[in-house]
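Here is the structure we will look at.
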Amino acid sequence: MHSRQKRLVAANIGRSSIWPWMLSVSISSGTGILPVAIVLCSVWNLAVRAQESPSGTGILPVGFGGGQDAHPTMQLIDGGTGILPVVGAGQDAHPTNKSLIDGGTGILPVVKGGGQDAHPTMQLIDGGTGILPVAKNSANSELKLMTQSIPPVAKIKQGRQVSLNGRILPLAWTQQPTNSTSANFRTWIADVGLMQSAGVDLLSTADSTKQPIQWYSVSLTAAQSLTARSTGPYRYLDVTDFAKLAGWQISADNNVLKITTQTANVTGIRQAARDTGDRIVVDLDRSAPWQLNIVDTPSPSPTDDPTKPAIPLQIAPAAPNLETPDDPTKPAFSQPLAPAGPIASQEWSIAIDAKVAPTLIQRTFATSQQLRSLKVEPAGNQTKIKVQIPLGWRPQVFSLGNPNRLVIDIRPDSLVEKDIVWAPGVRWRQQYQNLGTSRFPVFSLEVNPRQSGVKIRPLLSNPPTDKGSAPLLQTAELSGTAAAINAGFFNRINRLALGAIRRDNKWLSGPILNRGAIAWNDRGEFVINRLTLQETLTTPANQRLSISQLNSAYVESGIGRYNPDSGATYTPFSDDEIVVTVVGDRVVSQLPGGAAGKTSFPIPANGYLLALRSDLSPASQLAAGTLLRLQTNTIPADFNRFPYILGGGPVLVQNSRVAVDAKAEGFSDAYVRQTAIRSAIGRTAAGNLLIVAVHNRAGGAGPNFAELAQILQQMGAVEALNLDGGSSTSLYLGGSLLDRPPSTAARVHNAIGIFIQP
């Protein structure tokens, strides 16, 4: 018997015998069952390359769904629409030539202006529509468009919004006929989103095509598990039979899937003190969807995020201390392991699609050290149970049936362990890792990079430019990636990277301070080590000038070099720089940089700029007309063979041993000792990739770097690297953040994305 079934049996022996184990939930959103997001997403961020079509238009004749063809002569309206004709606004996509009008034809818009733009080296229609170029010989293209065994697209309905009892949720869905001749539709909904938006619990499974679930008295496990289908960025569940058992009414209205459940009522609210904390039981007369949300965000506090500076941001933040320190070599402030004053609190809301009687609203509820307050509020056809609990805690919520009730546990260790094979080559786990008496909740993905269709790529928040920041949820959804984790450090003011980013053998940002980095290729090879980029200029007089950084926003005395991979222009980072322009291999000019941030200098397409800072003496060796010879090497040299590199630091594990060396990477000892929520990436002995988010230990603070290294070591990492952490830590899967509410996640500059080609 499944462990969840055992819990239900024990829980249903009697009303007063409530099983003490708990389950909780995570959420997601996405697009339809067809892998159309791969076309919608940023070509720059997509894990493919494609040649232009013979016509030069770059219009993609898509082969998804056995019937979707985009004709090269289609007229595209508004210069920024995608070309994949999918069902939208209630209309069926049609493969014939016609004008595609905005707002009713199912055209997928390409994000422009701060979103994911097409790669700048691709020839695009109308100067920038983001239309994907198509290989002249599709058999040789890295983008393999695979026809799936599903009905023709004209019979498929899909969208990215679900109306659940009138609440609009960003959740991907699709409806399609049972077979090519059937008039009956099957309804599919993105899995993690279904879990978080309705409270349908996803249970552990070793089969990516079968998903056992539990929702009140509806328990579908083993042979009754829901059919699952992974299609690019999302994993969909066939909820047709489950909906009938749960009493859900489902219909499609244009691009919105409407779900209506029977009206439920809250019949009672009970409280009980437990050894692990406080328990609240909400009695219901029938099953009802529920959703957990954070209500407010606490004021900035050292105990909240010790890696971030407690200074106001230029833009009003959605969460405290959102950005990375301007100087990641230094701690933001001194952080005691135990807070001296009262622990701050946080309010959470459990919204239940059920009505509540006035007598229950007016009740006074018991409180405790953990449960600071408990309120019941009506909200239309919903009831909101609001709890004030210690900062860093999270309510653990799960449903039980016969009779129907919702259990809310307030306890420091609220994580429910899961082990789900999400797609071929992708395993999602939630588990506790124990270090001494500390229990750390760990959210992780284990990815097999050798799995067919799996590609791993660096992501930028505002491609193709290196400048910008955005929530990981936004970056991942726009890029079309199936999974992602935030990656390297960045400057919170100018929103530029502070560390290595290499994409397709181009350094978008060079490494700094001998920091740790991860490098990889499409053969499934990875290496993690401290990395230095060594560049030297040699003059005709055999004078050698060392380059301090390449395409970097990290400012120190010396010479910075900026080539077209960093953008079209360079704006000085410090006052009184001397900007030297080199075309080909020859110096053509020297100009004063003036005040920092004031003047932009064009970077020649066939050359580069040199920015002389503080020590301006090399200017005499760089007169106009001087011929220069540039040498570039990586240390270790092995890094130079990898097309993809992302920097972080410090290195955590090498050769299966803890290898934290703060001084070797320019970090202070105080910075390394700080505790915080952490992101990390590692490699196992089998060659799989571990993507990890570690949150606050039960009842305490997050790990320091030594503890983080031990956790990765316990998980089987033979090499591991720390990434940007604290409020930046975000782990994304299938349209949702797994590890935290989106409103608490910081904007980040870059990330590591896992793409899955169906």
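Just so we're on the same page: first chain in the structure tokens is A, next is B, and so on; residues restart at 1 for each chain, and ligands are numbered from 1 in the order they show up.
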
Report as JSON lines the residues of region 369-476 of chain A within 9 Å of region 565-580 of chain A, each with its shortest atom pair and distance in Å (one decimal), using only C-alpha atoms, ordered by chain and increasing residue number.
{"residue": "A:Pro464", "atom": "CA", "partner": "A:Gly567", "partner_atom": "CA", "distance": 8.6}
{"residue": "A:Thr465", "atom": "CA", "partner": "A:Gly567", "partner_atom": "CA", "distance": 6.5}
{"residue": "A:Asp466", "atom": "CA", "partner": "A:Ser566", "partner_atom": "CA", "distance": 6.8}

Could those selected residues go to a file with C-alpha atoms, as a PDB file, in the first residue's frame?
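Dumped everything to result24.pdb:
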ATOM      1  CA  PRO A 464      20.622  39.175 -26.156  1.00  0.00           C
ATOM      2  CA  THR A 465      21.938  42.031 -24.002  1.00  0.00           C
ATOM      3  CA  ASP A 466      23.869  41.249 -20.831  1.00  0.00           C
TER       4      ASP A 466
END

Could you list, as a list of chain:residue names, every residue within 9 Å of Lys506 (chain A), counting only C-alpha atoms and ignoring same-chain residues fewer than 4 positions away? A:Ile501, A:Arg502, A:Asp565, A:Pro643, A:Tyr644

Identify, on the basis of only C-alpha atoms, every residue whose closest approach to Gln621 (chain A) does not exceed 10 Å; exclude the query and any residue fewer than 2 positions from it along the same chain; express the result as number ranges by chain. A: 538-541, 543-545, 617-619, 623-624, 626

Restrict the selected residues to N, CA and C atoms and save them as a CSV table (one decimal), in the first residue's frame.
chain,number,residue,atom,x,y,z
A,538,THR,N,50.5,42.3,-26.9
A,538,THR,CA,51.9,42.4,-27.1
A,538,THR,C,52.1,43.5,-28.2
A,539,THR,N,52.9,44.5,-28.0
A,539,THR,CA,53.2,45.5,-29.0
A,539,THR,C,54.4,45.2,-29.8
A,540,PRO,N,54.6,45.9,-31.0
A,540,PRO,CA,55.7,45.7,-31.8
A,540,PRO,C,57.1,45.7,-31.1
A,541,ALA,N,57.1,46.5,-30.0
A,541,ALA,CA,58.4,46.6,-29.2
A,541,ALA,C,58.5,45.5,-28.2
A,543,GLN,N,56.5,44.8,-25.8
A,543,GLN,CA,56.0,45.1,-24.5
A,543,GLN,C,54.6,44.4,-24.3
A,544,ARG,N,54.5,43.8,-23.1
A,544,ARG,CA,53.4,43.0,-22.8
A,544,ARG,C,52.5,43.7,-21.8
A,545,LEU,N,51.2,43.8,-22.1
A,545,LEU,CA,50.2,44.4,-21.3
A,545,LEU,C,49.2,43.4,-20.9
A,617,SER,N,49.2,54.6,-17.2
A,617,SER,CA,50.6,54.6,-17.9
A,617,SER,C,50.6,53.8,-19.2
A,618,PRO,N,49.8,52.7,-19.3
A,618,PRO,CA,49.8,52.0,-20.6
A,618,PRO,C,49.4,52.8,-21.8
A,619,ALA,N,48.8,53.9,-21.6
A,619,ALA,CA,48.3,54.7,-22.7
A,619,ALA,C,49.5,55.1,-23.6
A,623,ALA,N,49.5,54.2,-28.6
A,623,ALA,CA,49.2,55.3,-29.5
A,623,ALA,C,48.5,54.8,-30.8
A,624,ALA,N,47.8,55.7,-31.4
A,624,ALA,CA,47.1,55.4,-32.7
A,624,ALA,C,48.1,54.9,-33.7
A,626,THR,N,49.4,51.8,-33.5
A,626,THR,CA,50.1,50.7,-32.9
A,626,THR,C,49.5,49.3,-33.2

Mind listing the strand (DSSP E) residues of region 516-723 of chain A, per DSSP on the backbone, as a PyMOL selection string? chain A and resi 516-520+526-530+532-538+544-547+549-550+558-562+569-570+578-583+586-592+601-602+607-613+629-635+644-647+651-654+657-658+678-684+689-694+717-723

Residue subset to file, keeping C-alpha atoms, as a compact mmCIF listing (two decimals), in the first residue's frame:
# COMPACT_ATOMS: atom_id res chain seq x y z
CA GLY A 516 34.49 29.03 -9.24
CA ALA A 517 32.65 28.22 -12.46
CA ILE A 518 30.90 25.34 -14.18
CA ALA A 519 31.61 24.49 -17.82
CA TRP A 520 29.83 22.01 -20.07
CA PHE A 526 30.96 18.96 -17.09
CA VAL A 527 33.78 20.45 -15.10
CA ILE A 528 33.72 22.61 -11.95
CA ASN A 529 36.79 24.51 -10.84
CA ARG A 530 38.18 27.95 -10.06
CA THR A 532 40.82 32.67 -14.57
CA LEU A 533 40.86 34.17 -18.06
CA GLN A 534 44.37 35.30 -18.96
CA GLU A 535 44.67 37.84 -21.78
CA THR A 536 47.83 39.60 -22.90
CA LEU A 537 48.49 42.32 -25.48
CA THR A 538 51.91 42.43 -27.14
CA ARG A 544 53.36 42.96 -22.81
CA LEU A 545 50.21 44.42 -21.28
CA SER A 546 47.96 42.27 -19.09
CA ILE A 547 44.18 42.53 -19.48
CA GLN A 549 38.89 41.60 -17.29
CA LEU A 550 36.99 40.79 -20.46
CA GLY A 558 44.09 47.89 -14.84
CA ILE A 559 42.86 47.35 -18.39
CA GLY A 560 39.40 46.10 -19.22
CA ARG A 561 38.66 44.78 -22.70
CA TYR A 562 35.22 44.96 -24.33
CA THR A 569 28.70 50.17 -26.98
CA TYR A 570 30.72 50.59 -23.81
CA ILE A 578 41.02 56.36 -21.14
CA VAL A 579 39.13 54.51 -23.87
CA VAL A 580 41.32 53.01 -26.61
CA THR A 581 39.66 51.80 -29.82
CA VAL A 582 41.24 48.87 -31.67
CA VAL A 583 40.05 47.94 -35.17
CA ARG A 586 45.53 48.19 -34.78
CA VAL A 587 44.88 51.07 -32.38
CA VAL A 588 42.88 53.79 -34.14
CA SER A 589 42.15 56.26 -31.31
CA GLN A 590 42.43 57.23 -27.66
CA LEU A 591 39.69 59.28 -25.99
CA PRO A 592 39.04 60.46 -22.44
CA PHE A 601 31.63 54.55 -26.99
CA PRO A 602 30.87 52.32 -30.01
CA GLY A 607 37.73 44.97 -33.00
CA TYR A 608 37.40 45.95 -29.36
CA LEU A 609 37.79 48.73 -26.81
CA LEU A 610 40.32 48.97 -24.01
CA ALA A 611 39.34 50.81 -20.82
CA LEU A 612 42.35 52.03 -18.85
CA ARG A 613 41.47 52.58 -15.18
CA ARG A 629 48.79 40.93 -30.84
CA LEU A 630 46.20 39.43 -28.46
CA GLN A 631 46.65 36.11 -26.66
CA THR A 632 43.84 34.50 -24.67
CA ASN A 633 43.98 31.44 -22.39
CA THR A 634 41.90 29.97 -19.62
CA ILE A 635 43.37 28.62 -16.39
CA TYR A 644 29.09 27.04 -22.10
CA ILE A 645 30.37 28.46 -18.81
CA LEU A 646 28.67 30.11 -15.84
CA GLY A 647 30.43 31.55 -12.83
CA VAL A 651 33.73 25.93 -5.20
CA LEU A 652 32.14 23.58 -2.65
CA VAL A 653 33.25 20.06 -3.53
CA GLN A 654 36.13 18.65 -5.58
CA ARG A 657 35.76 16.25 -0.77
CA VAL A 658 34.71 19.58 0.75
CA ARG A 678 21.49 28.78 -0.97
CA SER A 679 21.51 27.67 -4.60
CA ALA A 680 24.11 25.21 -5.85
CA ILE A 681 24.94 22.96 -8.77
CA GLY A 682 26.94 19.76 -8.79
CA ARG A 683 27.97 16.70 -10.75
CA THR A 684 27.52 13.12 -9.59
CA LEU A 689 23.72 17.22 -12.92
CA LEU A 690 22.41 18.15 -9.45
CA ILE A 691 20.49 21.45 -9.27
CA VAL A 692 19.83 22.29 -5.63
CA ALA A 693 18.02 24.89 -3.50
CA VAL A 694 18.63 24.58 0.26
CA ALA A 717 28.18 15.30 -5.74
CA VAL A 718 31.80 14.70 -6.69
CA GLU A 719 32.05 18.36 -7.76
CA ALA A 720 29.85 21.24 -6.65
CA LEU A 721 29.64 25.01 -6.95
CA ASN A 722 27.75 27.63 -4.96
CA LEU A 723 25.54 30.01 -6.94

For the structure I just gave you, how does DSSP split region 568-627 of chain A - specifically, which residues are helix (DSSP H, G or I)? Reply as number ranges by chain. A: 617-621

Within 10 Å of Lys384 (chain A), counting only C-alpha atoms, which residues qualify if same-chain residues fewer than 5 places away don't, as an mmCIF file with N, CA, C and O atoms, in the first residue's frame?
data_model
loop_
_atom_site.group_PDB
_atom_site.id
_atom_site.type_symbol
_atom_site.label_atom_id
_atom_site.label_comp_id
_atom_site.auth_asym_id
_atom_site.auth_seq_id
_atom_site.Cartn_x
_atom_site.Cartn_y
_atom_site.Cartn_z
ATOM 1 N N TRP A 290 -8.222 24.291 -2.754
ATOM 2 C CA TRP A 290 -7.580 25.229 -1.830
ATOM 3 C C TRP A 290 -6.219 25.626 -2.392
ATOM 4 O O TRP A 290 -5.641 24.945 -3.221
ATOM 5 N N GLN A 291 -5.747 26.777 -1.901
ATOM 6 C CA GLN A 291 -4.470 27.308 -2.381
ATOM 7 C C GLN A 291 -3.776 28.049 -1.246
ATOM 8 O O GLN A 291 -4.402 28.815 -0.513
ATOM 9 N N LEU A 292 -2.471 27.810 -1.122
ATOM 10 C CA LEU A 292 -1.656 28.465 -0.095
ATOM 11 C C LEU A 292 -0.952 29.671 -0.695
ATOM 12 O O LEU A 292 -0.323 29.573 -1.750
ATOM 13 N N TRP A 348 0.420 34.003 6.338
ATOM 14 C CA TRP A 348 0.068 33.137 5.222
ATOM 15 C C TRP A 348 -1.445 32.987 5.176
ATOM 16 O O TRP A 348 -2.121 33.085 6.198
ATOM 17 N N SER A 349 -1.955 32.724 3.978
ATOM 18 C CA SER A 349 -3.391 32.555 3.801
ATOM 19 C C SER A 349 -3.666 31.245 3.069
ATOM 20 O O SER A 349 -3.030 30.952 2.052
ATOM 21 N N ILE A 350 -4.599 30.470 3.613
ATOM 22 C CA ILE A 350 -5.082 29.266 2.933
ATOM 23 C C ILE A 350 -6.479 29.588 2.437
ATOM 24 O O ILE A 350 -7.419 29.732 3.230
ATOM 25 N N ALA A 351 -6.618 29.758 1.108
ATOM 26 C CA ALA A 351 -7.898 30.119 0.507
ATOM 27 C C ALA A 351 -8.627 28.844 0.107
ATOM 28 O O ALA A 351 -8.122 28.054 -0.695
ATOM 29 N N ILE A 352 -9.817 28.645 0.654
ATOM 30 C CA ILE A 352 -10.618 27.447 0.397
ATOM 31 C C ILE A 352 -11.868 27.862 -0.366
ATOM 32 O O ILE A 352 -12.547 28.828 0.012
ATOM 33 N N ASP A 353 -12.178 27.129 -1.417
ATOM 34 C CA ASP A 353 -13.388 27.428 -2.190
ATOM 35 C C ASP A 353 -14.610 26.881 -1.450
ATOM 36 O O ASP A 353 -15.226 25.885 -1.856
ATOM 37 N N ALA A 354 -14.935 27.538 -0.349
ATOM 38 C CA ALA A 354 -16.059 27.113 0.498
ATOM 39 C C ALA A 354 -16.569 28.320 1.260
ATOM 40 O O ALA A 354 -15.802 29.227 1.606
ATOM 41 N N LYS A 355 -17.875 28.339 1.541
ATOM 42 C CA LYS A 355 -18.471 29.413 2.318
ATOM 43 C C LYS A 355 -18.348 29.104 3.809
ATOM 44 O O LYS A 355 -18.214 27.944 4.205
ATOM 45 N N VAL A 356 -18.398 30.176 4.619
ATOM 46 C CA VAL A 356 -18.257 30.005 6.056
ATOM 47 C C VAL A 356 -19.376 30.762 6.767
ATOM 48 O O VAL A 356 -19.774 31.861 6.357
ATOM 49 N N LYS A 375 -7.004 33.841 11.968
ATOM 50 C CA LYS A 375 -8.199 34.586 11.584
ATOM 51 C C LYS A 375 -8.938 33.830 10.490
ATOM 52 O O LYS A 375 -8.324 33.162 9.654
ATOM 53 N N VAL A 376 -10.250 33.978 10.494
ATOM 54 C CA VAL A 376 -11.091 33.392 9.453
ATOM 55 C C VAL A 376 -11.836 34.531 8.772
ATOM 56 O O VAL A 376 -12.541 35.299 9.430
ATOM 57 N N GLU A 377 -11.666 34.640 7.455
ATOM 58 C CA GLU A 377 -12.268 35.745 6.721
ATOM 59 C C GLU A 377 -13.043 35.219 5.517
ATOM 60 O O GLU A 377 -12.534 34.379 4.773
ATOM 61 N N PRO A 378 -14.283 35.711 5.310
ATOM 62 C CA PRO A 378 -15.017 35.351 4.092
ATOM 63 C C PRO A 378 -14.521 36.197 2.928
ATOM 64 O O PRO A 378 -14.146 37.364 3.095
ATOM 65 N N ALA A 379 -14.520 35.617 1.740
ATOM 66 C CA ALA A 379 -14.118 36.347 0.541
ATOM 67 C C ALA A 379 -14.951 35.829 -0.621
ATOM 68 O O ALA A 379 -14.518 34.964 -1.377
#
